[in-house]
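The structure file protein08.cif is reproduced below (mmCIF, C-alpha atoms).
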data_final
#
loop_
_atom_site.label_atom_id
_atom_site.label_comp_id
_atom_site.auth_asym_id
_atom_site.auth_seq_id
_atom_site.Cartn_x
_atom_site.Cartn_y
_atom_site.Cartn_z
CA MET A 1 -1.43 8.94 -0.26
CA ARG A 2 -3.23 5.74 0.58
CA ALA A 3 -3.28 3.21 3.36
CA GLY A 4 -1.62 -0.12 2.71
CA PHE A 5 0.06 1.02 -0.49
CA ASP A 6 3.33 -0.76 0.22
CA CYS A 7 3.76 -3.54 -2.37
CA PRO A 8 4.96 -2.30 -5.77
CA SER A 9 3.78 -5.37 -7.66
CA CYS A 10 0.34 -5.38 -6.05
CA ALA A 11 0.08 -1.66 -6.73
CA ILE A 12 0.63 -1.70 -10.48
CA GLY A 13 -3.14 -1.79 -10.85
CA VAL A 14 -3.16 1.77 -9.50
CA ARG A 15 -1.11 2.92 -12.46
CA LYS A 16 -3.25 0.86 -14.82
CA MET A 17 -6.52 2.35 -13.54
CA ILE A 18 -5.36 5.96 -13.18
CA SER A 19 -3.52 6.13 -16.51
CA ARG A 20 -6.82 5.45 -18.31
CA LEU A 21 -8.34 8.70 -17.03
CA LYS A 22 -8.49 11.36 -19.74
CA PHE A 23 -7.04 14.20 -17.66
CA VAL A 24 -3.80 12.28 -16.99
CA ASP A 25 -0.68 13.34 -18.89
CA ARG A 26 0.61 9.90 -19.94
CA LYS A 27 3.82 11.38 -21.37
CA ARG A 28 5.18 12.17 -17.92
CA PHE A 29 6.35 9.75 -15.24
CA ASN A 30 5.42 6.16 -16.15
CA LYS A 31 2.17 6.49 -18.09
CA GLY A 32 1.43 9.63 -16.10
CA VAL A 33 1.65 7.93 -12.69
CA GLU A 34 4.53 7.66 -10.24
CA LEU A 35 4.28 5.01 -7.50
CA ASP A 36 6.33 5.35 -4.32
CA THR A 37 5.56 2.56 -1.88
CA THR A 38 8.23 3.69 0.57
CA VAL A 39 5.93 6.53 1.66
CA GLN A 40 2.65 5.12 0.23
CA LEU A 41 2.43 8.01 -2.23
CA VAL A 42 1.03 8.16 -5.74
CA THR A 43 1.82 11.18 -7.91
CA VAL A 44 -0.37 11.88 -10.92
CA SER A 45 0.59 14.23 -13.76
CA ILE A 46 -2.33 16.32 -15.05
CA LEU A 47 -2.59 17.50 -18.65
CA ASN A 48 -2.15 21.23 -19.21
CA GLY A 49 -5.49 22.95 -19.16
CA GLU A 50 -7.32 19.95 -17.67
CA SER A 51 -8.76 19.78 -14.20
CA PRO A 52 -8.78 16.40 -12.48
CA ASP A 53 -12.04 14.57 -11.91
CA LEU A 54 -11.49 13.65 -8.27
CA ASP A 55 -14.44 11.26 -8.07
CA ALA A 56 -13.05 9.30 -11.05
CA LEU A 57 -9.56 9.41 -9.54
CA PHE A 58 -10.71 8.03 -6.19
CA GLU A 59 -12.84 5.38 -7.88
CA ALA A 60 -9.84 4.27 -9.95
CA ILE A 61 -7.77 3.87 -6.80
CA GLU A 62 -10.50 1.84 -5.09
CA GLU A 63 -10.89 -0.41 -8.15
CA ALA A 64 -7.18 -1.05 -7.90
CA GLY A 65 -7.66 -2.35 -4.36
CA TYR A 66 -6.57 0.59 -2.21
CA ASP A 67 -8.07 3.36 -0.12
CA PRO A 68 -7.14 7.01 -0.76
CA VAL A 69 -6.71 8.75 2.58
CA ARG A 70 -5.03 12.09 1.86
CA MET A 71 -4.38 14.27 -1.17
CA TYR A 72 -1.71 16.86 -1.86
CA GLU A 73 -2.11 19.30 -4.74
CA LEU A 74 0.87 20.98 -6.37
CA GLU A 75 -0.26 23.96 -8.36
CA VAL A 76 1.65 25.18 -11.38
CA VAL A 77 4.40 27.64 -10.50
CA ARG A 78 5.43 30.09 -13.17
CA LEU A 79 9.20 30.35 -13.56
CA LYS A 80 10.48 33.78 -14.51
CA ILE A 81 13.87 34.06 -16.26
CA ARG A 82 15.83 37.28 -16.51
CA GLU A 83 18.85 37.61 -18.83
CA LEU A 84 21.82 39.28 -17.12
CA GLY A 85 24.20 39.65 -20.08
CA GLN A 86 27.82 38.41 -20.68
CA SER A 87 29.52 40.43 -17.87
CA MET B 1 -1.29 -40.88 -3.55
CA ASN B 2 -0.21 -44.37 -4.31
CA LEU B 3 -1.38 -47.89 -4.14
CA GLY B 4 1.27 -50.56 -4.13
CA ARG B 5 0.85 -54.17 -5.09
CA VAL B 6 3.42 -56.68 -4.00
CA SER B 7 3.98 -60.12 -5.51
CA LEU B 8 6.69 -62.60 -4.59
CA PHE B 9 9.18 -63.97 -7.09
CA THR B 10 11.97 -66.38 -6.32
CA GLY B 11 14.45 -64.41 -4.30
CA TRP B 12 12.93 -61.06 -5.27
CA ILE B 13 10.02 -58.87 -4.53
CA SER B 14 8.30 -57.29 -7.50
CA LEU B 15 6.69 -53.98 -6.76
CA GLN B 16 4.03 -52.38 -8.86
CA ILE B 17 3.12 -48.78 -8.21
CA VAL B 18 -0.15 -47.60 -9.60
CA SER B 19 0.38 -43.87 -9.40
CA PRO B 20 3.15 -41.56 -8.21
CA SER B 21 3.22 -38.74 -5.73
CA LEU B 22 2.44 -35.30 -7.01
CA PHE B 23 1.91 -32.30 -4.85
CA THR B 24 -0.90 -30.04 -5.94
CA TRP B 25 0.55 -26.58 -6.49
CA ALA B 26 -1.24 -24.38 -4.01
CA ASP B 27 -0.31 -20.91 -5.22
CA GLN B 28 -2.71 -19.15 -7.52
CA PRO B 29 -1.72 -17.21 -10.64
CA ILE B 30 -0.17 -14.75 -11.04
CA PHE B 31 2.59 -15.95 -8.69
CA ASN B 32 0.16 -15.55 -5.81
CA GLU B 33 0.60 -11.78 -6.23
CA MET B 34 -1.64 -10.31 -8.90
CA PRO B 35 -3.93 -9.00 -10.19
CA ARG B 36 -5.31 -7.05 -7.28
CA TRP B 37 -7.45 -4.82 -9.49
CA ASP B 38 -10.88 -5.11 -11.10
CA LYS B 39 -11.06 -6.80 -14.52
CA GLY B 40 -7.43 -7.81 -14.39
CA TYR B 41 -6.17 -10.85 -16.22
CA GLY B 42 -2.95 -12.72 -16.76
CA VAL B 43 -1.21 -15.84 -17.97
CA GLN B 44 1.84 -17.53 -16.54
CA ILE B 45 3.98 -20.39 -17.74
CA ARG B 46 6.00 -22.42 -15.25
CA HIS B 47 8.55 -25.00 -16.29
CA GLU B 48 9.13 -27.59 -13.58
CA TRP B 49 11.90 -30.13 -13.18
CA ARG B 50 11.53 -32.63 -10.35
CA THR B 51 13.82 -35.45 -9.36
CA GLU B 52 13.07 -38.14 -6.77
CA GLU B 53 16.19 -39.95 -5.65
CA ASP B 54 14.83 -43.02 -3.89
CA LEU B 55 12.06 -45.57 -3.80
CA LEU B 56 10.61 -45.34 -0.29
CA LEU B 57 8.40 -47.39 1.95
CA ASN B 58 7.81 -45.36 5.08
CA ARG B 59 11.25 -43.83 5.51
CA THR B 60 13.15 -46.88 4.33
CA LYS B 61 14.83 -46.92 0.92
CA VAL B 62 13.76 -49.93 -1.12
CA GLY B 63 16.76 -51.04 -3.14
CA ARG B 64 19.23 -48.54 -4.59
CA GLY B 65 19.17 -46.34 -7.65
CA PHE B 66 15.44 -46.41 -8.34
CA GLY B 67 14.71 -42.79 -9.18
CA GLU B 68 12.13 -40.69 -10.97
CA ASP B 69 12.59 -37.62 -13.19
CA VAL B 70 9.68 -35.44 -14.22
CA GLU B 71 9.53 -32.38 -16.51
CA ILE B 72 6.25 -30.50 -16.65
CA VAL B 73 5.05 -27.25 -18.23
CA HIS B 74 2.20 -25.51 -16.42
CA VAL B 75 0.06 -22.99 -18.31
CA GLU B 76 -2.04 -21.03 -15.82
CA SER B 77 -4.41 -18.09 -16.14
CA VAL B 78 -6.50 -15.75 -14.02
CA TYR B 79 -9.32 -13.27 -14.46
CA THR B 80 -10.66 -10.95 -11.75
CA TRP B 81 -14.21 -9.68 -11.99
CA ASP B 82 -13.40 -7.41 -9.13
CA LYS B 83 -10.65 -7.60 -6.59
CA SER B 84 -12.60 -9.97 -4.34
CA ILE B 85 -13.69 -12.55 -6.95
CA ARG B 86 -11.47 -14.25 -9.48
CA VAL B 87 -11.31 -17.45 -11.44
CA THR B 88 -8.12 -19.37 -12.15
CA ALA B 89 -7.30 -22.32 -14.40
CA LYS B 90 -4.15 -24.43 -14.30
CA PHE B 91 -3.24 -26.78 -17.14
CA PRO B 92 -0.25 -29.07 -16.57
CA TYR B 93 1.42 -30.86 -19.47
CA VAL B 94 3.98 -33.58 -18.80
CA LEU B 95 6.81 -33.13 -21.31
CA ASN B 96 8.68 -36.18 -20.15
CA ALA B 97 8.56 -38.36 -17.08
CA SER B 98 10.43 -41.54 -16.34
CA ARG B 99 10.87 -43.72 -13.32
CA GLU B 100 12.83 -46.80 -12.36
CA LEU B 101 11.42 -49.79 -10.52
CA PRO B 102 12.67 -53.25 -9.60
CA ASP B 103 11.76 -55.62 -12.41
CA GLY B 104 11.49 -58.65 -10.18
CA SER B 105 14.60 -60.34 -11.53
CA GLY B 106 17.31 -58.14 -10.13
CA GLY B 107 17.19 -55.51 -12.84
CA LYS B 108 15.39 -52.24 -13.49
CA LEU B 109 12.05 -51.62 -15.09
CA PHE B 110 11.77 -48.25 -16.85
CA GLN B 111 8.41 -46.54 -17.30
CA HIS B 112 7.57 -43.31 -19.12
CA ASP B 113 4.78 -40.77 -19.23
CA SER B 114 3.99 -37.71 -21.33
CA GLY B 115 0.91 -35.71 -22.25
CA PRO B 116 -1.71 -33.62 -20.46
CA GLY B 117 -2.14 -33.77 -16.70
CA ASP B 118 -5.25 -33.08 -14.64
CA PRO B 119 -6.28 -29.39 -14.85
CA ILE B 120 -7.43 -27.49 -11.75
CA LEU B 121 -10.11 -24.81 -11.80
CA ALA B 122 -10.46 -22.52 -8.79
CA LEU B 123 -12.63 -19.66 -7.60
CA PRO B 124 -10.48 -17.71 -5.13
CA LEU B 125 -12.51 -15.30 -2.99
CA LYS B 126 -10.45 -12.57 -1.39
CA LYS B 127 -11.00 -10.03 1.35
CA TYR B 128 -8.34 -7.35 1.17
CA PHE B 129 -7.42 -5.02 4.00
CA ASN B 130 -5.37 -1.83 3.97
CA LEU B 131 -3.66 -0.50 7.08
CA ASP B 132 -1.14 2.29 7.42
CA GLY B 133 2.07 0.75 6.12
CA ARG B 134 0.70 -2.77 5.78
CA SER B 135 -1.83 -4.48 3.58
CA GLY B 136 -2.93 -8.02 2.95
CA SER B 137 -5.77 -10.39 2.28
CA TRP B 138 -7.73 -13.38 3.49
CA THR B 139 -8.48 -15.99 0.86
CA MET B 140 -10.85 -18.91 0.48
CA ALA B 141 -10.56 -20.93 -2.72
CA PRO B 142 -12.87 -23.81 -3.68
CA GLN B 143 -11.25 -25.87 -6.41
CA ILE B 144 -11.91 -28.85 -8.63
CA GLN B 145 -9.48 -31.15 -10.38
CA VAL B 146 -10.60 -32.45 -13.76
CA SER B 147 -9.69 -35.99 -14.77
CA MET B 148 -7.91 -35.57 -18.07
CA SER B 149 -4.54 -37.28 -18.04
CA GLY B 150 -4.08 -40.25 -20.33
CA SER B 151 -2.94 -43.81 -19.88
CA ASP B 152 0.76 -44.28 -20.52
CA GLU B 153 2.97 -46.84 -18.79
CA TYR B 154 2.40 -44.80 -15.68
CA GLU B 155 0.77 -41.46 -14.95
CA VAL B 156 2.37 -38.55 -13.12
CA TYR B 157 -1.14 -37.18 -12.59
CA GLU B 158 -3.75 -39.38 -10.99
CA ASN B 159 -6.34 -39.12 -13.78
CA VAL B 160 -9.09 -38.66 -11.20
CA TRP B 161 -11.59 -35.98 -10.30
CA GLY B 162 -10.95 -34.08 -7.09
CA GLN B 163 -12.47 -31.40 -4.90
CA GLY B 164 -10.33 -29.07 -2.84
CA ILE B 165 -10.67 -26.11 -0.54
CA SER B 166 -7.90 -23.82 0.60
CA PHE B 167 -7.62 -20.95 3.04
CA GLY B 168 -4.89 -18.38 3.14
CA TYR B 169 -3.68 -15.23 4.82
CA GLU B 170 -1.06 -12.90 3.47
CA THR B 171 0.31 -9.61 4.61
CA VAL B 172 2.97 -7.34 3.20
CA THR B 173 4.84 -4.26 4.31
CA TYR B 174 7.32 -2.25 2.34
CA ARG B 175 10.06 -4.57 3.61
CA TYR B 176 8.49 -7.92 4.57
CA ILE B 177 6.02 -10.43 3.22
CA LEU B 178 4.24 -13.32 4.96
CA ASN B 179 1.94 -16.03 3.57
CA VAL B 180 0.19 -18.73 5.58
CA GLY B 181 -2.10 -21.29 3.99
CA THR B 182 -3.82 -24.60 4.40
CA SER B 183 -5.75 -26.81 2.01
CA ALA B 184 -7.59 -30.12 1.81
CA TRP B 185 -8.22 -32.31 -1.24
CA PHE B 186 -10.65 -35.18 -1.73
CA PHE B 187 -10.04 -37.32 -4.80
CA GLY B 188 -12.01 -39.96 -6.61
CA GLY B 189 -11.01 -43.59 -6.95
CA ASP B 190 -8.54 -44.93 -4.42
CA GLU B 191 -6.56 -41.72 -4.09
CA PRO B 192 -6.04 -40.70 -0.46
CA PHE B 193 -7.25 -37.53 1.21
CA THR B 194 -4.50 -34.90 1.13
CA ALA B 195 -3.93 -32.00 3.52
CA ARG B 196 -1.32 -29.30 3.32
CA VAL B 197 -0.07 -26.40 5.42
CA SER B 198 2.39 -23.79 4.23
CA LEU B 199 4.39 -20.90 5.60
CA ASP B 200 6.27 -18.46 3.41
CA ILE B 201 8.31 -15.56 4.72
CA GLY B 202 10.19 -13.09 2.59
CA VAL B 203 11.91 -9.79 2.09
CA ASN B 204 11.03 -7.24 -0.59
CA PHE B 205 13.77 -5.46 -2.51
CA GLU B 206 14.24 -2.85 -5.19
CA ALA B 207 16.77 -3.25 -8.00
CA PHE B 208 17.28 -1.98 -11.56
CA ASN B 209 14.38 0.48 -11.28
CA SER B 210 11.96 -2.27 -10.33
CA ASN B 211 11.21 -4.56 -7.44
CA GLY B 212 10.93 -8.13 -6.30
CA HIS B 213 11.16 -10.35 -3.28
CA VAL B 214 13.04 -13.32 -1.91
CA LYS B 215 11.06 -15.87 0.07
CA TRP B 216 11.72 -18.98 2.07
CA GLU B 217 8.85 -21.34 1.38
CA SER B 218 7.89 -24.29 3.56
CA ASP B 219 5.18 -26.86 2.82
CA TYR B 220 4.05 -29.87 4.78
CA PHE B 221 1.87 -32.48 3.04
CA TRP B 222 0.03 -35.29 4.72
CA GLU B 223 -1.99 -38.08 3.10
CA ASP B 224 -4.26 -40.50 4.89
CA ASP B 225 -2.18 -43.44 3.64
CA GLU B 226 0.37 -42.26 6.27
CA SER B 227 2.55 -40.45 3.73
CA ALA B 228 4.05 -37.14 4.84
CA THR B 229 6.51 -34.75 3.24
CA LEU B 230 8.11 -31.54 4.42
CA TYR B 231 9.78 -29.57 1.69
CA MET B 232 11.34 -26.16 1.82
CA GLY B 233 13.41 -23.84 -0.29
CA PRO B 234 14.01 -20.34 -1.63
CA ALA B 235 12.02 -18.44 -4.24
CA LEU B 236 12.95 -15.30 -6.15
CA TYR B 237 10.32 -13.07 -7.76
CA TYR B 238 11.12 -10.06 -9.96
CA ARG B 239 8.97 -7.53 -11.83
CA PHE B 240 10.53 -6.74 -15.22
CA CYS B 241 7.85 -4.11 -15.90
CA ASP B 242 4.19 -3.67 -14.96
CA GLU B 243 3.13 -6.39 -17.39
CA TRP B 244 6.00 -8.93 -17.31
CA HIS B 245 7.11 -10.84 -14.23
CA GLY B 246 9.43 -13.74 -13.48
CA ARG B 247 9.94 -16.26 -10.71
CA LEU B 248 12.48 -18.93 -9.77
CA SER B 249 12.05 -21.46 -6.99
CA TYR B 250 13.85 -24.47 -5.61
CA ARG B 251 12.53 -26.94 -3.07
CA TYR B 252 14.08 -29.88 -1.32
CA ASP B 253 12.42 -32.71 0.60
CA PHE B 254 13.76 -32.34 4.13
CA TYR B 255 11.48 -35.08 5.39
CA ASP B 256 9.78 -37.72 3.28
CA LYS B 257 7.75 -40.71 4.36
CA GLN B 258 5.72 -42.81 1.94
CA GLY B 259 2.97 -44.84 3.58
CA ILE B 260 2.68 -46.87 0.38
CA LEU B 261 5.65 -47.60 -1.85
CA ASP B 262 6.59 -44.53 -3.87
CA HIS B 263 9.50 -42.43 -5.00
CA GLY B 264 10.70 -39.76 -2.61
CA ASN B 265 13.63 -37.78 -1.20
CA GLY B 266 13.43 -35.37 -4.11
CA SER B 267 13.97 -31.81 -5.19
CA GLN B 268 12.16 -29.46 -7.52
CA PHE B 269 13.23 -26.47 -9.62
CA ILE B 270 10.74 -24.15 -11.32
CA VAL B 271 11.23 -21.26 -13.74
CA GLY B 272 8.20 -19.09 -14.38
CA VAL B 273 7.31 -16.10 -16.52
CA ALA B 274 4.03 -14.22 -16.47
CA PHE B 275 2.10 -11.53 -18.31
CA VAL B 276 -0.55 -9.60 -16.40
CA TYR B 277 -2.77 -6.70 -17.35
#

Translate this structure into structure tokens?
Amino acid sequence: MRAGFDCPSCAIGVRKMISRLKFVDRKRFNKGVELDTTVQLVTVSILNGESPDLDALFEAIEEAGYDPVRMYELEVVRLKIRELGQS
Amino acid sequence: MNLGRVSLFTGWISLQIVSPSLFTWADQPIFNEMPRWDKGYGVQIRHEWRTEEDLLLNRTKVGRGFGEDVEIVHVESVYTWDKSIRVTAKFPYVLNASRELPDGSGGKLFQHDSGPGDPILALPLKKYFNLDGRSGSWTMAPQIQVSMSGSDEYEVYENVWGQGISFGYETVTYRYILNVGTSAWFFGGDEPFTARVSLDIGVNFEAFNSNGHVKWESDYFWEDDESATLYMGPALYYRFCDEWHGRLSYRYDFYDKQGILDHGNGSQFIVGVAFVY
């Protein structure tokens, strides 16, 4: 989440800067980055097995003209499936 | 921006206009919106149609049916070293311009122009701010106009060097957008000093998995030959994708006064498309 992140056209630089980072999974979202200016939230998809370089991430956001103010991390949740049969 | 010479013929007044009015486009590429990021660049093309209905002296129409039609393509580019320093270049090219004047014997004199206009180079300096739910910027932009237009029967562009400075403030929320600006231009030759103030207010929207805004734009020009024009109208901006953007605008002269004989009471329609990266 970042302060002032409320103009989708101004904010496309955020996607441009973050999507260049090597730990970003560019196959998900739009080039690995989802922008939601309604709540000033940026969601970044991380490649499996990679850990994000937070300094590089924050620098990318600042180069795009915004200030990161809070970060949420969603850790991978393993989904277990159990077959119950036909009946 | 005009000098008029008047000579008397039997029963008629012949009017020679040295150069026409042309408002210097104040917005900077890309569409006054982007790029806000370091090492960003972009190019936009704007196609402008402008029609002036009357020949004016002060607010009085001189004769009837003496109009002017102008069609111009503007090729404009921007590069940002970082988000606070950028350079822009605007190259106008007159595709076709024609105007009607009294010929001194009761008829019409037709004049035409085509070819390159006077380019403008600018160095916009920006100070961005980010607040919770609102962001914006302060801008100062020194500019120069390069004398490059040719010498046809008449020239839409003045073919003079000029120095300008503009100041602006813009702020945007998720829903609203506001731009305020002022500028001053000093030209070479006999061209008058020109000042401008502008106020744009708009609403952002989302549609077709993208976004845009609708603005109402107002500009007031004043020249020290006692000319003054207030023109206003709507503008529509839309982002096709991160790289491609489009803009439509229409403006109408709600008030037009020409201190020296010139065409006025006009309207302007512009279609623009831009690439930014």

_Quick check on the file I pasted: which residues fall under the PyMOL selection byres ((chain A and resi 43-57) around 7)? Write them as an MDAnalysis selection string._
chainID A and resid 18 23:25 28 32:35 41:42 58:61

*Restrict the distance test to only C-alpha atoms, flag each residue of chain B within 10 Å of chain A, and return the flagged residues as JSON, numbers by chain.*
{"B": [33, 34, 35, 36, 37, 38, 39, 40, 82, 83, 84, 128, 129, 130, 131, 132, 133, 134, 135, 136, 171, 172, 173, 174, 175, 176, 177, 204, 205, 206, 210, 211, 212, 213, 238, 239, 241, 242, 243, 245, 276, 277]}

*asked:* Can you measure atom CA of B:Tyr41 to atom CA of B:Ala122 for me? One decimal in Å is fine.
replied: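 According to the coordinates, atom CA of B:Tyr41 and atom CA of B:Ala122 are separated by 14.5 Å.
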
Could you tell me which residues the PyMOL selection byres ((chain B and resi 55-61) around 7) grabs in this file, written as a compact mmCIF listing (two decimals) with C-alpha atoms, in the frame of the given file?
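Heads up, here's the output in result.txt:
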# COMPACT_ATOMS: atom_id res chain seq x y z
CA ASP B 54 14.83 -43.02 -3.89
CA VAL B 62 13.76 -49.93 -1.12
CA GLY B 63 16.76 -51.04 -3.14
CA PHE B 66 15.44 -46.41 -8.34
CA GLY B 67 14.71 -42.79 -9.18
CA ASP B 256 9.78 -37.72 3.28
CA LYS B 257 7.75 -40.71 4.36
CA GLN B 258 5.72 -42.81 1.94
CA GLY B 259 2.97 -44.84 3.58
CA ILE B 260 2.68 -46.87 0.38
CA LEU B 261 5.65 -47.60 -1.85
CA ASP B 262 6.59 -44.53 -3.87
CA HIS B 263 9.50 -42.43 -5.00
CA GLY B 264 10.70 -39.76 -2.61

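The coordinates place atom CA of B:Asp219 at 4.4 Å from atom CA of B:Ser198.
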
_Ground truth for the PyMOL selection byres ((chain B and resi 98) around 10), written as a PyMOL selection string_ = chain B and resi 51+67-71+96-97+99-100+110-114+153-156

*atom CA of B:Tyr252 to atom CA of B:Pro192: how many Å, to one decimal?*
22.9 Å

Adding 3 Å on each side of the box along x, y and z that holds all listed atoms of stretch 40-56 of chain B, could you give its centre and edge lengths in Å to one decimal, as AutoDock Vina command-line options?
--center_x 4.4 --center_y -26.7 --center_z -9.1 --size_x 29.6 --size_y 43.8 --size_z 23.7
